[in-house]
Amino acid sequence: MHHVQRREVLALLAGALVAPRLRAAAALRPARDAVDHVVIGISDLERGMAAIEERTGVRPAIGGSHPGRGTWNALFSLGRGQYAELIAPDPNQKETKDAYGLQAFAEPRLLIWAASTPDIDALAARLKAAGRTEIEVRAGSRIRPDGHRLGWRTLSTTTPDGLVPFFIQWDAGTIHPSSDSPAGCTLASLEFESPNAAEAEQALAAVGLAATVRKAETPRLKLRLATPRGEVAF
């Protein structure tokens, strides 16, 4: 998960022009259905867990550390195949750069989202064939508190506005976090806003996703959860 440079953003928007070719290769998926997980940031993980529990009635469980990325996380399920990841600076990685500016977040804040894919190599090939050249596929892993290793591969297409997701394919045999994270919440909606709504919709279509983007002064993702304490928005 990383931010890209301005020239890559321009390439992303230019790639939207070839969205019809991508749609011909694979039907667009509704963005809400494509969600694998959403990433929520906070400056302190314990405080974030307490805040999530107070708002939703569900307390996230510690997931583990991200070596080399400076963060650790706590997770809660959003139902089958979907979950929320709360991340904060890892006190054991104090020398690692805070890429998301997490130290400034006193309250939980929605950052970015990940879409699932069953075949990340095929997705990368389709995007490259459609004219996308900034694709990066890389492997990742972390060790859970119980010692089990989680492995995955990601395809990065994230832009600074956070509207376009990165994609993730979990390694065979890896337990998907939604299956054993604290349950009780479900994903009610994932909403998109942008000052360039039409372009943002095209950018999402260029990676195979269908979504309505509302026009607004600034780019923003909005997350709504159905929880034991009613609907909660981030």
# chains A, B, ... in the order shown; residues from 1 in each chain; ligands from 1

call {"tool": "select_by_dssp", "arguments": {"residues": "chain A", "states": "strand (DSSP E or B)", "output": "PyMOL selection string"}}
result
chain A and resi 29-30+35-41+61-66+71-77+83-89+109-116+136-143+149-156+166-170+186-194+209-210+213-215+220-227+230-233

call {"tool": "closest_atom_pairs", "arguments": {"of": "segment 131-170 of chain A", "to": "segment 36-43 of chain A", "cutoff": "12 Å", "atoms": "only C-alpha atoms", "output": "tab-separated table"}}
result
residue	atom	partner	partner_atom	distance
A:Thr154	CA	A:Asp36	CA	11.7
A:Gly162	CA	A:Val39	CA	10.6
A:Leu163	CA	A:Val38	CA	11.6
A:Pro165	CA	A:Val38	CA	9.4
A:Phe166	CA	A:Asp36	CA	10.0
A:Phe167	CA	A:Asp36	CA	8.4
A:Ile168	CA	A:Asp36	CA	7.6
A:Gln169	CA	A:Asp36	CA	9.3
A:Trp170	CA	A:Asp36	CA	10.1

call {"tool": "write_last_selection", "arguments": {"atoms": "C-alpha atoms", "output": "PDB file, in the first residue's frame"}}
result
ATOM      1  CA  THR A 154      -1.064  -7.043  -3.705  1.00  0.00           C
ATOM      2  CA  GLY A 162      -7.750   6.995  -1.881  1.00  0.00           C
ATOM      3  CA  LEU A 163     -10.753   6.308  -4.132  1.00  0.00           C
ATOM      4  CA  PRO A 165      -8.257   0.558  -4.244  1.00  0.00           C
ATOM      5  CA  PHE A 166      -5.278  -1.682  -4.208  1.00  0.00           C
ATOM      6  CA  PHE A 167      -6.036  -5.334  -4.958  1.00  0.00           C
ATOM      7  CA  ILE A 168      -5.227  -8.351  -2.814  1.00  0.00           C
ATOM      8  CA  GLN A 169      -5.051 -12.094  -3.360  1.00  0.00           C
ATOM      9  CA  TRP A 170      -4.511 -14.227  -0.289  1.00  0.00           C
TER      10      TRP A 170
END

call {"tool": "residues_around", "arguments": {"residues": "Leu45 of chain A", "least_positions_apart": "5", "cutoff": "8 Å", "atoms": "only C-alpha atoms", "output": "PDB file with C-alpha atoms, in the first residue's frame"}}
result
ATOM      1  CA  TRP A  72       0.623  -2.886  13.591  1.00  0.00           C
ATOM      2  CA  ASN A  73      -3.062  -3.644  13.454  1.00  0.00           C
ATOM      3  CA  ALA A  74      -6.271  -4.836  15.060  1.00  0.00           C
ATOM      4  CA  LEU A  86      -7.319  -0.645  12.219  1.00  0.00           C
ATOM      5  CA  ILE A  87      -3.679   0.420  11.898  1.00  0.00           C
ATOM      6  CA  ALA A  88      -1.446   2.561  14.108  1.00  0.00           C
ATOM      7  CA  PRO A  89       2.278   3.250  14.513  1.00  0.00           C
TER       8      PRO A  89
END

call {"tool": "select_by_dssp", "arguments": {"residues": "segment 4-228 of chain A", "states": "alpha helix (DSSP H)", "output": "NGL selection string"}}
result
:A and (6-15 or 19-25 or 31-34 or 45-56 or 120-129 or 197-206)

call {"tool": "write_last_selection", "arguments": {"atoms": "C-alpha atoms", "output": "PDB file, in the first residue's frame"}}
result
ATOM      1  CA  ARG A   6       1.670  12.826  -9.840  1.00  0.00           C
ATOM      2  CA  ARG A   7       2.774  11.334 -13.164  1.00  0.00           C
ATOM      3  CA  GLU A   8       1.319   7.983 -12.090  1.00  0.00           C
ATOM      4  CA  VAL A   9      -1.965   9.652 -11.192  1.00  0.00           C
ATOM      5  CA  LEU A  10      -2.070  11.188 -14.670  1.00  0.00           C
ATOM      6  CA  ALA A  11      -1.366   7.763 -16.125  1.00  0.00           C
ATOM      7  CA  LEU A  12      -4.230   6.349 -14.082  1.00  0.00           C
ATOM      8  CA  LEU A  13      -6.661   8.923 -15.425  1.00  0.00           C
ATOM      9  CA  ALA A  14      -5.378   8.399 -18.932  1.00  0.00           C
ATOM     10  CA  GLY A  15      -5.901   4.688 -18.458  1.00  0.00           C
ATOM     11  CA  ALA A  19     -12.072   1.351 -19.619  1.00  0.00           C
ATOM     12  CA  PRO A  20     -14.384   0.082 -22.403  1.00  0.00           C
ATOM     13  CA  ARG A  21     -11.715  -2.409 -23.438  1.00  0.00           C
ATOM     14  CA  LEU A  22     -11.321  -3.558 -19.852  1.00  0.00           C
ATOM     15  CA  ARG A  23     -15.081  -3.967 -19.488  1.00  0.00           C
ATOM     16  CA  ALA A  24     -15.066  -6.121 -22.601  1.00  0.00           C
ATOM     17  CA  ALA A  25     -12.475  -8.388 -21.000  1.00  0.00           C
ATOM     18  CA  ALA A  31     -17.254  -1.668  -5.681  1.00  0.00           C
ATOM     19  CA  ARG A  32     -19.153  -2.502  -2.496  1.00  0.00           C
ATOM     20  CA  ASP A  33     -19.153  -6.233  -3.360  1.00  0.00           C
ATOM     21  CA  ALA A  34     -15.474  -6.157  -4.304  1.00  0.00           C
ATOM     22  CA  LEU A  45      -3.849   1.244  18.537  1.00  0.00           C
ATOM     23  CA  GLU A  46      -5.266   0.680  22.021  1.00  0.00           C
ATOM     24  CA  ARG A  47      -7.133   3.981  21.892  1.00  0.00           C
ATOM     25  CA  GLY A  48      -8.438   3.102  18.458  1.00  0.00           C
ATOM     26  CA  MET A  49      -9.670  -0.297  19.627  1.00  0.00           C
ATOM     27  CA  ALA A  50     -11.496   1.333  22.524  1.00  0.00           C
ATOM     28  CA  ALA A  51     -13.056   3.929  20.202  1.00  0.00           C
ATOM     29  CA  ILE A  52     -14.252   1.271  17.755  1.00  0.00           C
ATOM     30  CA  GLU A  53     -15.721  -0.769  20.601  1.00  0.00           C
ATOM     31  CA  GLU A  54     -17.524   2.256  22.023  1.00  0.00           C
ATOM     32  CA  ARG A  55     -19.054   3.149  18.656  1.00  0.00           C
ATOM     33  CA  THR A  56     -19.906  -0.316  17.354  1.00  0.00           C
ATOM     34  CA  ILE A 120      -3.826 -11.140  -9.413  1.00  0.00           C
ATOM     35  CA  ASP A 121      -1.582 -12.087 -12.324  1.00  0.00           C
ATOM     36  CA  ALA A 122      -4.520 -12.184 -14.750  1.00  0.00           C
ATOM     37  CA  LEU A 123      -5.688  -8.805 -13.438  1.00  0.00           C
ATOM     38  CA  ALA A 124      -2.214  -7.324 -13.932  1.00  0.00           C
ATOM     39  CA  ALA A 125      -2.089  -8.718 -17.467  1.00  0.00           C
ATOM     40  CA  ARG A 126      -5.499  -7.236 -18.341  1.00  0.00           C
ATOM     41  CA  LEU A 127      -4.522  -3.829 -17.002  1.00  0.00           C
ATOM     42  CA  LYS A 128      -1.203  -3.838 -18.857  1.00  0.00           C
ATOM     43  CA  ALA A 129      -2.957  -4.897 -22.064  1.00  0.00           C
ATOM     44  CA  ALA A 197     -16.734  12.762 -10.188  1.00  0.00           C
ATOM     45  CA  ALA A 198     -16.882  11.592 -13.805  1.00  0.00           C
ATOM     46  CA  GLU A 199     -13.118  11.096 -13.981  1.00  0.00           C
ATOM     47  CA  ALA A 200     -13.151   9.210 -10.681  1.00  0.00           C
ATOM     48  CA  GLU A 201     -15.877   6.859 -11.952  1.00  0.00           C
ATOM     49  CA  GLN A 202     -13.797   6.231 -15.067  1.00  0.00           C
ATOM     50  CA  ALA A 203     -10.698   5.562 -12.963  1.00  0.00           C
ATOM     51  CA  LEU A 204     -12.623   2.945 -10.979  1.00  0.00           C
ATOM     52  CA  ALA A 205     -14.004   1.423 -14.192  1.00  0.00           C
ATOM     53  CA  ALA A 206     -10.457   1.223 -15.526  1.00  0.00           C
TER      54      ALA A 206
END

call {"tool": "closest_residue", "arguments": {"among": "A:Leu28, A:Val207, A:Val35, A:Val232", "to": "Ala114 of chain A", "atoms": "only C-alpha atoms"}}
result
A:Val35

call {"tool": "atom_distance", "arguments": {"atom1": "atom CA of Pro67 of chain A", "atom2": "atom CA of Glu85 of chain A"}}
result
16.0 Å

call {"tool": "closest_residue", "arguments": {"among": "A:Ile175, A:Leu223, A:Ile143, A:Leu209", "to": "Leu111 of chain A", "atoms": "only C-alpha atoms"}}
result
A:Leu223

call {"tool": "atom_distance", "arguments": {"atom1": "atom CA of Ser65 of chain A", "atom2": "atom CA of Trp113 of chain A"}}
result
18.6 Å

call {"tool": "atom_distance", "arguments": {"atom1": "atom CA of Asn92 of chain A", "atom2": "atom CA of Gly70 of chain A"}}
result
8.1 Å
